[in-house]
file coords39.cif (mmCIF, C-alpha atoms and all ligand atoms)
data_data
#
loop_
_atom_site.label_atom_id
_atom_site.label_comp_id
_atom_site.auth_asym_id
_atom_site.auth_seq_id
_atom_site.Cartn_x
_atom_site.Cartn_y
_atom_site.Cartn_z
CA MET F 9 0.00 0.00 0.00
CA LYS F 10 1.32 3.44 -0.91
CA ASN F 11 0.96 6.38 1.45
CA LYS F 12 -0.31 9.70 0.17
CA PRO F 13 2.47 12.05 -0.92
CA GLY F 14 3.86 13.84 2.13
CA ILE F 15 5.94 17.03 2.06
CA LYS F 16 9.28 15.18 1.73
CA GLU F 17 8.09 13.28 -1.30
CA ILE F 18 6.45 16.40 -2.71
CA SER F 19 9.71 18.33 -2.34
CA GLU F 20 11.67 15.54 -4.07
CA THR F 21 9.14 15.40 -6.89
CA PHE F 22 9.00 19.17 -7.31
CA LYS F 23 12.80 19.41 -7.42
CA LYS F 24 12.88 16.71 -10.08
CA ALA F 25 10.19 18.50 -12.06
CA LEU F 26 12.13 21.79 -11.93
CA HIS F 27 15.34 19.98 -12.85
CA THR F 28 13.70 18.03 -15.67
CA ALA F 29 12.24 21.23 -17.08
CA LYS F 30 15.68 22.84 -17.13
CA ARG F 31 17.75 19.90 -18.39
CA SER F 32 15.64 17.87 -20.75
CA HIS F 33 14.86 19.23 -24.18
CA LYS F 34 11.89 16.87 -24.41
CA HIS F 35 10.49 18.32 -21.20
CA ALA F 36 11.34 21.94 -21.88
CA GLY F 37 8.25 23.76 -20.79
CA LEU F 38 7.31 21.28 -18.10
CA ILE F 39 7.34 24.25 -15.73
CA ASN F 40 7.61 27.77 -17.15
CA ALA F 41 7.71 31.17 -15.51
CA GLU F 42 4.06 31.64 -16.50
CA ASP F 43 3.12 28.53 -14.49
CA THR F 44 2.26 30.46 -11.39
CA SER F 45 0.33 27.47 -10.08
CA ILE F 46 0.76 23.83 -11.03
CA ILE F 47 -1.40 20.91 -10.05
CA PHE F 48 0.37 17.57 -9.57
CA TYR F 49 -1.09 14.07 -9.62
CA ASP F 50 0.62 11.02 -8.21
CA TYR F 51 -0.50 8.28 -10.60
CA SER F 52 1.30 5.60 -8.57
CA PHE F 53 -0.92 6.50 -5.62
CA LEU F 54 -4.01 6.63 -7.85
CA LYS F 55 -3.23 3.17 -9.22
CA CYS F 56 -2.80 1.84 -5.71
CA ARG F 57 -6.22 3.20 -4.69
CA LEU F 58 -7.85 1.44 -7.66
CA GLU F 59 -6.07 -1.80 -6.79
CA GLN F 60 -7.33 -1.62 -3.21
CA ILE F 61 -10.91 -1.25 -4.44
CA ARG F 62 -10.50 -4.13 -6.90
CA ASN F 63 -9.02 -6.37 -4.21
CA SER F 64 -11.72 -5.56 -1.66
CA PHE F 65 -14.83 -6.35 -3.71
CA PRO F 66 -15.81 -9.42 -5.76
CA ALA F 67 -14.34 -9.45 -9.28
CA ASP F 68 -17.66 -9.30 -11.12
CA ILE F 69 -18.96 -6.03 -9.63
CA LEU F 70 -18.98 -2.70 -11.45
CA ASN F 71 -16.68 -0.16 -9.83
CA THR F 72 -17.16 3.31 -11.25
CA VAL F 73 -15.34 6.55 -10.48
CA ALA F 74 -17.44 9.68 -9.85
CA ILE F 75 -16.40 12.10 -12.62
CA LYS F 76 -17.47 15.15 -10.56
CA ALA F 77 -14.53 14.57 -8.20
CA ASN F 78 -12.08 15.17 -11.03
CA PRO F 79 -13.08 15.25 -14.70
CA LEU F 80 -9.59 15.42 -16.23
CA VAL F 81 -9.89 13.33 -19.38
CA LYS F 82 -6.43 11.74 -18.96
CA ASN F 83 -7.57 10.51 -15.55
CA LEU F 84 -10.83 9.16 -16.98
CA LYS F 85 -8.87 7.27 -19.64
CA PHE F 86 -6.53 5.96 -16.95
CA PHE F 87 -9.54 4.64 -15.01
CA LYS F 88 -10.83 3.03 -18.17
CA GLU F 89 -7.50 1.26 -18.73
CA GLU F 90 -7.72 0.04 -15.15
CA LYS F 91 -11.12 -1.51 -16.05
CA PHE F 92 -13.16 0.93 -14.00
CA GLY F 93 -16.42 2.46 -15.17
CA LEU F 94 -17.52 6.08 -14.68
CA GLU F 95 -20.36 7.76 -12.84
CA ALA F 96 -21.74 10.81 -14.65
CA ALA F 97 -23.94 13.42 -12.98
CA SER F 98 -24.81 15.55 -16.00
CA LEU F 99 -25.10 15.24 -19.75
CA ALA F 100 -21.66 16.83 -20.07
CA GLU F 101 -20.12 14.24 -17.75
CA LEU F 102 -21.88 11.54 -19.75
CA TYR F 103 -20.24 12.98 -22.87
CA LEU F 104 -16.83 12.98 -21.15
CA ALA F 105 -17.31 9.32 -20.18
CA GLU F 106 -18.33 8.35 -23.72
CA LYS F 107 -15.52 10.31 -25.36
CA SER F 108 -13.01 8.75 -22.97
CA GLY F 109 -13.91 5.42 -24.55
CA VAL F 110 -15.76 3.84 -21.63
CA HIS F 111 -18.32 1.25 -22.75
CA PRO F 112 -21.93 2.35 -22.08
CA SER F 113 -22.51 -0.72 -19.90
CA LYS F 114 -19.85 0.70 -17.57
CA ILE F 115 -21.34 4.17 -17.30
CA VAL F 116 -23.83 5.18 -14.60
CA PHE F 117 -25.95 8.28 -15.16
CA ASP F 118 -27.13 10.03 -11.98
CA SER F 119 -28.63 13.49 -11.65
CA PRO F 120 -31.75 14.93 -10.07
CA ALA F 121 -32.44 17.12 -13.11
CA LYS F 122 -32.30 14.86 -16.17
CA THR F 123 -34.33 16.29 -19.02
CA GLU F 124 -36.47 14.15 -21.28
CA LYS F 125 -33.94 14.61 -24.10
CA GLU F 126 -31.09 13.56 -21.82
CA LEU F 127 -32.99 10.47 -20.71
CA GLU F 128 -33.73 9.59 -24.33
CA TYR F 129 -30.05 9.97 -25.17
CA ALA F 130 -28.97 7.85 -22.20
CA LEU F 131 -31.52 5.13 -22.97
CA LYS F 132 -30.42 4.94 -26.60
CA LEU F 133 -26.80 4.76 -25.51
CA GLY F 134 -27.62 1.98 -23.05
CA VAL F 135 -25.96 3.38 -19.94
CA ARG F 136 -27.25 2.56 -16.46
CA ILE F 137 -29.66 5.22 -15.26
CA ASN F 138 -30.52 5.91 -11.64
CA ALA F 139 -33.82 7.72 -11.58
CA ASP F 140 -34.10 10.30 -8.83
CA SER F 141 -37.88 10.50 -8.42
CA PHE F 142 -41.22 8.92 -9.26
CA ALA F 143 -41.74 11.63 -11.90
CA GLU F 144 -38.55 10.51 -13.60
CA LEU F 145 -39.76 6.90 -13.59
CA GLU F 146 -42.87 8.06 -15.45
CA ARG F 147 -40.72 9.86 -18.03
CA ILE F 148 -38.59 6.77 -18.54
CA ASP F 149 -41.69 4.60 -18.90
CA ASN F 150 -43.08 6.88 -21.60
CA LEU F 151 -39.77 6.88 -23.44
CA LEU F 152 -39.45 3.09 -23.24
CA LYS F 153 -42.76 2.77 -25.07
CA LYS F 154 -41.01 4.38 -28.07
CA ILE F 155 -37.37 3.34 -27.68
CA LYS F 156 -35.55 0.03 -27.41
CA SER F 157 -32.89 0.25 -24.73
CA LYS F 158 -30.23 -1.89 -23.10
CA SER F 159 -30.11 0.41 -20.08
CA GLU F 160 -30.27 -1.07 -16.63
CA ILE F 161 -32.49 1.22 -14.57
CA GLY F 162 -32.49 1.82 -10.85
CA ILE F 163 -34.07 4.26 -8.45
CA ARG F 164 -32.22 6.41 -5.94
CA ILE F 165 -33.47 5.86 -2.42
CA ASN F 166 -32.80 8.19 0.49
CA PRO F 167 -32.36 5.81 3.42
CA GLN F 168 -32.90 8.71 5.88
CA VAL F 169 -30.13 7.66 8.25
CA GLY F 170 -29.28 11.26 9.13
CA SER F 171 -26.71 13.86 8.26
CA GLY F 172 -22.97 13.37 8.40
CA ARG F 173 -20.55 15.94 9.84
CA ILE F 174 -20.91 18.25 6.83
CA LYS F 175 -24.51 19.20 6.27
CA ILE F 176 -24.18 20.56 2.72
CA THR F 177 -22.65 17.38 1.36
CA SER F 178 -24.92 15.03 3.30
CA THR F 179 -27.81 13.52 1.38
CA ALA F 180 -29.54 11.15 3.80
CA ASP F 181 -31.23 13.51 6.22
CA GLU F 182 -34.99 13.25 6.79
CA TYR F 183 -35.23 15.77 3.95
CA SER F 184 -32.86 15.69 1.00
CA LYS F 185 -33.26 17.05 -2.51
CA PHE F 186 -31.96 13.67 -3.74
CA GLY F 187 -33.82 10.41 -4.18
CA VAL F 188 -37.04 9.06 -2.74
CA PRO F 189 -37.22 9.10 1.08
CA ILE F 190 -37.68 5.53 2.20
CA LYS F 191 -39.68 6.15 5.39
CA ASN F 192 -42.30 8.27 3.64
CA PHE F 193 -42.68 6.25 0.44
CA LYS F 194 -41.85 2.59 1.15
CA ASP F 195 -45.11 1.26 -0.34
CA GLU F 196 -44.97 3.56 -3.36
CA LEU F 197 -41.38 2.47 -3.99
CA LYS F 198 -42.32 -1.19 -3.73
CA ASN F 199 -45.28 -0.66 -6.05
CA SER F 200 -43.00 0.98 -8.65
CA PHE F 201 -41.12 -2.30 -8.94
CA ALA F 202 -44.43 -4.09 -9.36
CA GLU F 203 -45.56 -1.61 -12.02
CA PHE F 204 -42.39 -1.22 -14.09
CA SER F 205 -40.80 -4.48 -15.14
CA TRP F 206 -37.77 -2.56 -16.49
CA LEU F 207 -36.98 -1.17 -13.02
CA THR F 208 -34.42 -3.60 -11.63
CA GLY F 209 -31.99 -1.61 -9.50
CA VAL F 210 -31.65 0.37 -6.30
CA HIS F 211 -29.20 3.17 -5.65
CA LEU F 212 -28.10 5.15 -2.63
CA HIS F 213 -25.44 7.73 -1.93
CA ILE F 214 -25.62 9.25 1.54
CA GLY F 215 -23.06 12.03 1.26
CA SER F 216 -19.48 12.99 0.61
CA GLN F 217 -16.86 13.37 3.40
CA GLY F 218 -17.75 13.48 7.08
CA ILE F 219 -19.71 10.23 6.87
CA SER F 220 -18.97 7.50 9.44
CA LEU F 221 -18.61 3.81 8.64
CA LYS F 222 -21.69 3.12 10.78
CA MET F 223 -23.73 5.60 8.79
CA LEU F 224 -22.56 4.16 5.46
CA LEU F 225 -23.58 0.68 6.67
CA ASP F 226 -26.87 1.90 8.12
CA GLY F 227 -27.70 3.44 4.73
CA ILE F 228 -26.94 0.21 2.89
CA GLY F 229 -28.87 -1.71 5.57
CA ALA F 230 -32.05 0.32 5.12
CA VAL F 231 -32.00 -0.10 1.33
CA TYR F 232 -30.99 -3.77 1.61
CA GLU F 233 -33.94 -4.54 3.89
CA PHE F 234 -36.25 -2.77 1.44
CA THR F 235 -34.74 -4.71 -1.48
CA GLU F 236 -35.16 -8.13 0.13
CA MET F 237 -38.69 -7.27 1.25
CA THR F 238 -39.63 -6.04 -2.23
CA ASN F 239 -38.23 -9.13 -3.93
CA ASP F 240 -40.25 -11.34 -1.55
CA PHE F 241 -43.35 -9.28 -2.33
CA LEU F 242 -42.79 -9.58 -6.09
CA GLN F 243 -42.36 -13.33 -5.74
CA ILE F 244 -45.50 -13.79 -3.62
CA LYS F 245 -47.48 -11.73 -6.12
CA ASN F 246 -46.10 -13.93 -8.90
CA LEU F 247 -44.71 -10.91 -10.68
CA PRO F 248 -41.75 -11.51 -12.97
CA ASN F 249 -39.66 -8.53 -11.90
CA ARG F 250 -36.83 -8.69 -9.34
CA ILE F 251 -34.34 -6.15 -7.99
CA LYS F 252 -31.04 -7.37 -9.38
CA SER F 253 -28.57 -4.54 -8.93
CA PHE F 254 -27.51 -2.59 -5.87
CA ASP F 255 -25.51 0.61 -6.28
CA ILE F 256 -23.93 1.76 -2.98
CA GLY F 257 -22.71 5.13 -4.35
CA GLY F 258 -19.55 6.76 -3.01
CA GLY F 259 -18.94 8.73 0.17
CA LEU F 260 -15.95 6.97 1.68
CA PRO F 261 -14.17 9.72 3.64
CA VAL F 262 -10.47 10.57 3.35
CA ARG F 263 -7.90 12.12 5.62
CA TYR F 264 -7.11 15.81 5.08
CA LYS F 265 -5.82 16.45 8.63
CA LYS F 266 -3.77 14.09 10.75
CA ASP F 267 -6.69 13.42 13.09
CA ASP F 268 -9.32 12.94 10.35
CA VAL F 269 -10.96 9.53 10.22
CA GLU F 270 -10.08 7.53 7.15
CA ILE F 271 -11.95 4.35 6.42
CA SER F 272 -10.04 1.84 4.37
CA VAL F 273 -11.96 0.43 1.46
CA SER F 274 -11.09 -3.12 2.55
CA GLU F 275 -12.58 -2.51 5.99
CA TYR F 276 -15.70 -1.05 4.39
CA ALA F 277 -16.06 -3.99 1.99
CA LYS F 278 -15.49 -6.52 4.81
CA GLU F 279 -18.27 -4.95 6.85
CA ILE F 280 -20.65 -4.97 3.87
CA LYS F 281 -19.90 -8.64 3.28
CA LYS F 282 -20.35 -9.49 6.96
CA ASN F 283 -23.64 -7.62 7.38
CA PHE F 284 -25.21 -8.10 3.94
CA PRO F 285 -23.68 -11.28 2.48
CA ALA F 286 -26.15 -11.41 -0.43
CA LEU F 287 -24.51 -8.25 -1.83
CA PHE F 288 -21.33 -10.27 -2.26
CA SER F 289 -23.17 -13.18 -3.91
CA LYS F 290 -24.53 -13.71 -7.41
CA LYS F 291 -27.97 -12.64 -6.15
CA TYR F 292 -27.17 -8.96 -6.74
CA LYS F 293 -24.91 -7.07 -9.04
CA LEU F 294 -23.05 -4.60 -6.84
CA LEU F 295 -21.94 -1.15 -8.07
CA THR F 296 -19.73 1.47 -6.43
CA GLU F 297 -19.24 5.17 -7.26
CA PHE F 298 -16.23 6.36 -5.27
CA GLY F 299 -14.79 9.75 -6.14
CA ARG F 300 -13.01 11.46 -3.27
CA TRP F 301 -11.42 8.32 -1.86
CA ILE F 302 -9.75 7.58 -5.18
CA ASN F 303 -8.69 11.10 -6.13
CA ALA F 304 -8.27 13.46 -3.18
CA ASN F 305 -4.95 12.39 -1.68
CA ALA F 306 -3.36 11.80 -5.09
CA GLY F 307 -3.20 15.51 -5.88
CA TRP F 308 -1.30 18.52 -4.56
CA THR F 309 -0.97 22.06 -5.82
CA ALA F 310 2.09 24.30 -5.91
CA SER F 311 1.40 28.02 -6.14
CA ARG F 312 4.09 30.67 -6.35
CA VAL F 313 4.25 33.38 -3.70
CA GLU F 314 4.10 36.57 -5.73
CA TYR F 315 4.43 39.02 -2.86
CA VAL F 316 4.68 38.97 0.90
CA LYS F 317 2.96 42.06 2.27
CA LYS F 318 3.76 43.16 5.79
CA GLN F 319 1.13 45.49 7.19
CA GLY F 320 0.15 46.21 10.77
CA GLY F 321 2.01 43.20 12.10
CA ILE F 322 0.26 40.87 9.62
CA ASN F 323 2.22 39.00 6.94
CA THR F 324 0.19 38.22 3.86
CA ALA F 325 1.58 35.79 1.28
CA VAL F 326 -0.24 36.40 -2.00
CA ILE F 327 -0.44 33.30 -4.19
CA HIS F 328 -2.10 32.43 -7.51
CA VAL F 329 -5.02 30.24 -6.50
CA GLY F 330 -7.88 31.09 -4.21
CA ALA F 331 -11.61 30.69 -4.38
CA ASP F 332 -11.33 29.92 -8.10
CA MET F 333 -9.99 26.45 -7.25
CA PHE F 334 -10.75 26.18 -3.54
CA LEU F 335 -14.36 27.19 -3.48
CA ARG F 336 -15.28 25.11 -0.45
CA ARG F 337 -12.15 25.90 1.51
CA VAL F 338 -12.50 29.67 1.02
CA TYR F 339 -16.24 29.94 1.65
CA ASN F 340 -16.45 27.34 4.37
CA PRO F 341 -13.00 26.96 5.96
CA GLY F 342 -14.33 25.36 9.15
CA GLU F 343 -15.44 22.30 7.24
CA TRP F 344 -12.94 21.99 4.43
CA HIS F 345 -9.30 21.70 5.38
CA HIS F 346 -6.08 21.41 3.39
CA ASP F 347 -2.66 21.13 5.00
CA ILE F 348 -0.26 23.81 3.77
CA SER F 349 3.55 23.73 3.49
CA VAL F 350 6.21 25.91 1.86
CA LEU F 351 9.06 25.06 -0.52
CA ASP F 352 11.70 27.52 -1.66
CA CYS F 353 12.14 28.44 -5.33
CA ASN F 354 14.32 25.33 -5.83
CA GLY F 355 11.82 22.98 -4.23
CA GLU F 356 13.64 22.59 -0.90
CA ILE F 357 11.51 22.39 2.23
CA LYS F 358 11.68 25.74 3.99
CA LYS F 359 13.12 25.63 7.48
CA GLY F 360 13.83 28.17 10.17
CA LYS F 361 11.87 30.36 12.50
CA LYS F 362 8.12 30.24 12.00
CA LYS F 363 5.87 33.22 11.56
CA ARG F 364 2.14 33.69 11.24
CA TYR F 365 0.79 34.23 7.73
CA VAL F 366 -2.38 35.00 5.91
CA ILE F 367 -2.38 33.03 2.65
CA ALA F 368 -4.34 35.16 0.19
CA GLY F 369 -5.67 34.17 -3.21
CA PRO F 370 -5.50 36.49 -6.24
CA LEU F 371 -9.20 37.25 -6.65
CA CYS F 372 -10.94 40.60 -6.31
CA PHE F 373 -12.74 40.17 -3.03
CA SER F 374 -11.43 40.43 0.52
CA GLY F 375 -12.66 36.99 1.51
CA ASP F 376 -10.43 35.25 -1.03
CA ILE F 377 -8.23 33.80 1.70
CA ILE F 378 -6.93 30.24 1.81
CA SER F 379 -5.70 30.50 5.38
CA THR F 380 -6.29 33.32 7.86
CA ASN F 381 -3.64 32.48 10.41
CA ILE F 382 -1.05 29.81 9.75
CA LEU F 383 2.40 29.26 11.21
CA LEU F 384 4.95 28.78 8.43
CA PRO F 385 8.72 29.08 8.12
CA GLU F 386 9.64 32.56 6.94
CA THR F 387 8.26 32.87 3.44
CA GLU F 388 9.34 35.19 0.64
CA ALA F 389 8.38 36.04 -2.90
CA GLY F 390 9.37 33.22 -5.27
CA ASP F 391 8.69 30.44 -2.76
CA PHE F 392 5.97 27.92 -3.50
CA VAL F 393 3.03 27.34 -1.19
CA ILE F 394 2.03 23.68 -1.34
CA ILE F 395 -1.62 22.90 -0.80
CA HIS F 396 -2.06 19.23 0.04
CA ASP F 397 -4.79 16.74 -0.96
CA THR F 398 -6.16 18.70 -3.90
CA GLY F 399 -7.07 15.76 -6.13
CA ALA F 400 -10.85 15.89 -5.68
CA TYR F 401 -13.55 18.59 -5.71
CA THR F 402 -11.07 21.41 -6.29
CA LEU F 403 -10.22 21.77 -9.98
CA SER F 404 -13.62 20.23 -10.81
CA MET F 405 -15.25 23.20 -9.02
CA TRP F 406 -13.16 25.80 -10.86
CA SER F 407 -14.81 29.21 -10.90
CA ARG F 408 -14.36 31.76 -13.68
CA TYR F 409 -14.34 34.85 -11.49
CA ASN F 410 -11.64 37.30 -12.65
CA SER F 411 -11.16 34.96 -15.63
CA ARG F 412 -7.88 33.60 -14.35
CA GLN F 413 -6.36 30.82 -16.43
CA MET F 414 -6.76 27.25 -15.27
CA PRO F 415 -3.33 25.93 -14.22
CA LYS F 416 -1.28 23.22 -15.88
CA VAL F 417 -1.73 19.69 -14.54
CA ILE F 418 1.22 17.30 -14.38
CA ALA F 419 0.93 13.57 -13.63
CA TYR F 420 3.90 11.67 -12.30
CA LEU F 421 4.91 8.14 -11.44
CA GLU F 422 7.06 6.86 -8.61
CA ASN F 423 8.06 10.11 -6.91
CA GLY F 424 8.86 11.88 -10.12
CA LYS F 425 10.49 9.10 -12.17
CA GLU F 426 8.34 10.18 -15.09
CA PHE F 427 6.31 13.35 -15.72
CA THR F 428 3.47 13.93 -18.20
CA VAL F 429 1.59 17.15 -18.74
CA ILE F 430 -2.00 15.90 -18.72
CA LYS F 431 -3.57 19.33 -19.15
CA LYS F 432 -1.89 22.45 -20.48
CA ARG F 433 -2.24 25.79 -18.78
CA GLU F 434 -5.28 27.48 -20.24
CA LYS F 435 -4.44 29.94 -23.01
CA LEU F 436 -5.74 33.50 -23.06
CA SER F 437 -7.33 32.73 -26.46
CA GLU F 438 -9.23 29.79 -24.90
CA LEU F 439 -10.45 32.11 -22.21
CA TYR F 440 -11.60 34.56 -24.83
CA SER F 441 -13.54 31.75 -26.56
CA PHE F 442 -15.10 30.79 -23.25
CA TRP F 443 -16.59 34.24 -22.79
CA SER F 444 -17.47 34.71 -26.48
C1 LIG B 1 -24.54 10.11 -6.71
C2 LIG B 1 -23.13 10.26 -6.26
N1 LIG B 1 -22.30 9.21 -6.37
C3 LIG B 1 -21.02 9.28 -6.00
C4 LIG B 1 -20.49 10.45 -5.48
C5 LIG B 1 -19.04 10.48 -5.07
O1 LIG B 1 -18.90 10.72 -3.72
P1 LIG B 1 -17.45 10.68 -3.06
O2 LIG B 1 -16.59 11.51 -3.91
O3 LIG B 1 -17.60 11.21 -1.70
O4 LIG B 1 -17.01 9.24 -3.08
C6 LIG B 1 -21.31 11.56 -5.33
C7 LIG B 1 -20.78 12.82 -4.77
O5 LIG B 1 -21.41 13.65 -4.23
C8 LIG B 1 -22.67 11.48 -5.74
O6 LIG B 1 -23.49 12.52 -5.65
#
call {"tool": "encode", "arguments": {"input": "coords39.cif", "output": "structure tokens"}}
result
Amino acid sequence: MKNKPGIKEISETFKKALHTAKRSHKHAGLINAEDTSIIFYDYSFLKCRLEQIRNSFPADILNTVAIKANPLVKNLKFFKEEKFGLEAASLAELYLAEKSGVHPSKIVFDSPAKTEKELEYALKLGVRINADSFAELERIDNLLKKIKSKSEIGIRINPQVGSGRIKITSTADEYSKFGVPIKNFKDELKNSFAEFSWLTGVHLHIGSQGISLKMLLDGIGAVYEFTEMTNDFLQIKNLPNRIKSFDIGGGLPVRYKKDDVEISVSEYAKEIKKNFPALFSKKYKLLTEFGRWINANAGWTASRVEYVKKQGGINTAVIHVGADMFLRRVYNPGEWHHDISVLDCNGEIKKGKKKRYVIAGPLCFSGDIISTNILLPETEAGDFVIIHDTGAYTLSMWSRYNSRQMPKVIAYLENGKEFTVIKKREKLSELYSFWS
């Protein structure tokens, strides 16, 4: 098992990247002066995460990766090569999945706002669809009267097991905008399976980060009990339909701070097998949709300190990313943490006496602050602030405010043995096209 890149490894990798950019003709341009921020991805770590998922669940299940966590096409293609499917939460993500070469049978389409046209497209393509509501089931039924489809269709159920630590990314409270709440609509849900013979799957996803193992298992438990009860009901009524697939969603939390709880995927899978053995048998086809657990710790971001301003006893280090990439961190710092370190302009870990800093982003509003009060070794212009664990829900939430260019993304293997630019820094002309 590979640990997430720590500051020593990051420093080694960054030094190699700077060195490679200077020395190798082939890699000239790996890091240029205009690369004021660079996002790095440790593909060795990413690969290890995928392996752990594969080794924890039965071989015949469908593991997908939630595109929303990180839609970089090179990553999506990497997941495809590793035999993973993709979970898409919009038509555009569906397009990304298709264009990345993933077979429709390995794509899951979730979203609470699918239009009729989008449903028609998805049904024709044959991807799995998780309907979010009874109204969506009606739409699908009408479409299936006109269209032949290979799509497997499930319904998203809110197991109502409560909110996790972070309210705005929890989806299993008594009220949630997602899915059908199980306590309020158990009979209606059951009757949908009796009514629609094409409805053969259940889906749940109870939230992202801040969710305990107990809560994840309670969520699966509530939907599992419903599934078994519904299949018994269908059998007693002599109806041909059965629930055959069970999609457990994502939501496995990761460690951003030392004392954060991380649940290993093998522990999670073991508990599922112990508590709900039928999910590990041929009776059900199991699906997963992990995003954060795969991506978050694989990424880190280096952003150059442009100025250090000293005013009224406060040191402000101005860097080149802020709320444009760290939307959650900047607007809700109490709930979204990233460790921060500093390297000098050659990639060496900064040492020496520590001082308190404000780390400020470049955007035109006072609240664009990554950290309000952090102890760091003395920092100067030209150093690089390293923001840790930036592989998920950061670049994918990029905001266009002030029209700053999206940074370059570099993937690497084995602590910098090999570097590949997987996304170029956005050009000013591309930005112009965006707004045109
Ligand atoms: C339906 C669905 N599946 C999967 C995920 C991925 O969650 P995570 O990245 O926490 O694993 C999400 C994220 O919110 C989601 O909404």
call {"tool": "atom_distance", "arguments": {"input": "coords39.cif", "atom1": "atom CA of F:Leu260", "atom2": "atom CA of F:Ile367"}}
result
29.4 Å
call {"tool": "residues_around", "arguments": {"input": "coords39.cif", "residues": "F:Glu203", "least_positions_apart": "6", "cutoff": "12 Å", "atoms": "only C-alpha atoms", "output": "ChimeraX atom specification"}}
result
/F:142,145-146,149,196-197,242,245,247-250
call {"tool": "write_last_selection", "arguments": {"input": "coords39.cif", "atoms": "C-alpha atoms", "output": "PDB file, in the coordinates of the input"}}
result
ATOM      1  CA  PHE F 142     -41.220   8.920  -9.260  1.00  0.00           C
ATOM      2  CA  LEU F 145     -39.760   6.900 -13.590  1.00  0.00           C
ATOM      3  CA  GLU F 146     -42.870   8.060 -15.450  1.00  0.00           C
ATOM      4  CA  ASP F 149     -41.690   4.600 -18.900  1.00  0.00           C
ATOM      5  CA  GLU F 196     -44.970   3.560  -3.360  1.00  0.00           C
ATOM      6  CA  LEU F 197     -41.380   2.470  -3.990  1.00  0.00           C
ATOM      7  CA  LEU F 242     -42.790  -9.580  -6.090  1.00  0.00           C
ATOM      8  CA  LYS F 245     -47.480 -11.730  -6.120  1.00  0.00           C
ATOM      9  CA  LEU F 247     -44.710 -10.910 -10.680  1.00  0.00           C
ATOM     10  CA  PRO F 248     -41.750 -11.510 -12.970  1.00  0.00           C
ATOM     11  CA  ASN F 249     -39.660  -8.530 -11.900  1.00  0.00           C
ATOM     12  CA  ARG F 250     -36.830  -8.690  -9.340  1.00  0.00           C
TER      13      ARG F 250
END
call {"tool": "residues_near_ligand", "arguments": {"input": "coords39.cif", "ligand": "ligand LIG 1 (chain B)", "cutoff": "8 Å", "atoms": "only C-alpha atoms and all ligand atoms", "output": "ChimeraX atom specification"}}
result
/F:73-74,76-77,95,97,118-119,177,212-213,215-217,257-261,296-302,400-401
call {"tool": "closest_atom_pairs", "arguments": {"input": "coords39.cif", "of": "stretch 127-207 of chain F", "to": "stretch 221-227 of chain F", "cutoff": "10 Å", "atoms": "all atoms listed in the file", "output": "CSV"}}
result
residue,atom,partner,partner_atom,distance
F:Ile165,CA,F:Gly227,CA,9.5
F:Asn166,CA,F:Gly227,CA,8.2
F:Pro167,CA,F:Gly227,CA,5.4
F:Gln168,CA,F:Gly227,CA,7.5
F:Val169,CA,F:Gly227,CA,6.0
F:Gly170,CA,F:Met223,CA,7.9
F:Ser171,CA,F:Met223,CA,8.8
F:Gly172,CA,F:Met223,CA,7.8
F:Ala180,CA,F:Gly227,CA,8.0
call {"tool": "residues_around", "arguments": {"input": "coords39.cif", "residues": "stretch 343-347 of chain F", "least_positions_apart": "4", "cutoff": "7 Å", "atoms": "only C-alpha atoms", "output": "PDB file with C-alpha atoms, keeping the file's coordinate frame"}}
result
ATOM      1  CA  ILE F 174     -20.910  18.250   6.830  1.00  0.00           C
ATOM      2  CA  TYR F 264      -7.110  15.810   5.080  1.00  0.00           C
ATOM      3  CA  LYS F 265      -5.820  16.450   8.630  1.00  0.00           C
ATOM      4  CA  ARG F 336     -15.280  25.110  -0.450  1.00  0.00           C
ATOM      5  CA  ARG F 337     -12.150  25.900   1.510  1.00  0.00           C
ATOM      6  CA  ILE F 395      -1.620  22.900  -0.800  1.00  0.00           C
ATOM      7  CA  HIS F 396      -2.060  19.230   0.040  1.00  0.00           C
ATOM      8  CA  ASP F 397      -4.790  16.740  -0.960  1.00  0.00           C
TER       9      ASP F 397
END
call {"tool": "residues_around", "arguments": {"input": "coords39.cif", "residues": "stretch 303-318 of chain F", "least_positions_apart": "4", "cutoff": "7 Å", "atoms": "all atoms listed in the file", "output": "JSON, numbers by chain"}}
result
{"F": [12, 44, 45, 46, 47, 48, 49, 50, 53, 54, 299, 322, 323, 324, 325, 326, 327, 328, 329, 388, 389, 390, 391, 392, 393, 394, 395, 396, 397, 398, 399, 400]}
call {"tool": "closest_residue", "arguments": {"input": "coords39.cif", "among": "F:Phe86, F:Trp443, F:Tyr292, F:Phe334", "to": "F:Ser52", "atoms": "only C-alpha atoms"}}
result
F:Phe86
call {"tool": "closest_residue", "arguments": {"input": "coords39.cif", "among": "F:Leu294, F:Ile75, F:Leu70, F:Met9", "to": "F:Cys56", "atoms": "only C-alpha atoms"}}
result
F:Met9
call {"tool": "closest_atom_pairs", "arguments": {"input": "coords39.cif", "of": "stretch 19-107 of chain F", "to": "stretch 123-137 of chain F", "cutoff": "9 Å", "atoms": "only C-alpha atoms", "output": "tab-separated table"}}
result
residue	atom	partner	partner_atom	distance
F:Ser98	CA	F:Glu126	CA	8.8
F:Leu99	CA	F:Glu126	CA	6.6
F:Leu102	CA	F:Ala130	CA	8.4
call {"tool": "closest_residue", "arguments": {"input": "coords39.cif", "among": "F:Pro370, F:Pro189, F:Gly320, F:Gly229", "to": "F:Ile280", "atoms": "only C-alpha atoms"}}
result
F:Gly229
call {"tool": "residues_near_point", "arguments": {"input": "coords39.cif", "point": "(2.7, 32.4, 13.1)", "cutoff": "10 Å", "atoms": "only C-alpha atoms", "output": "list in words"}}
result
Ile322, Asn323, Lys361, Lys362, Lys363, Arg364, Tyr365, Val366, Asn381, Ile382, Leu383, Leu384, Pro385 and Glu386 of chain F
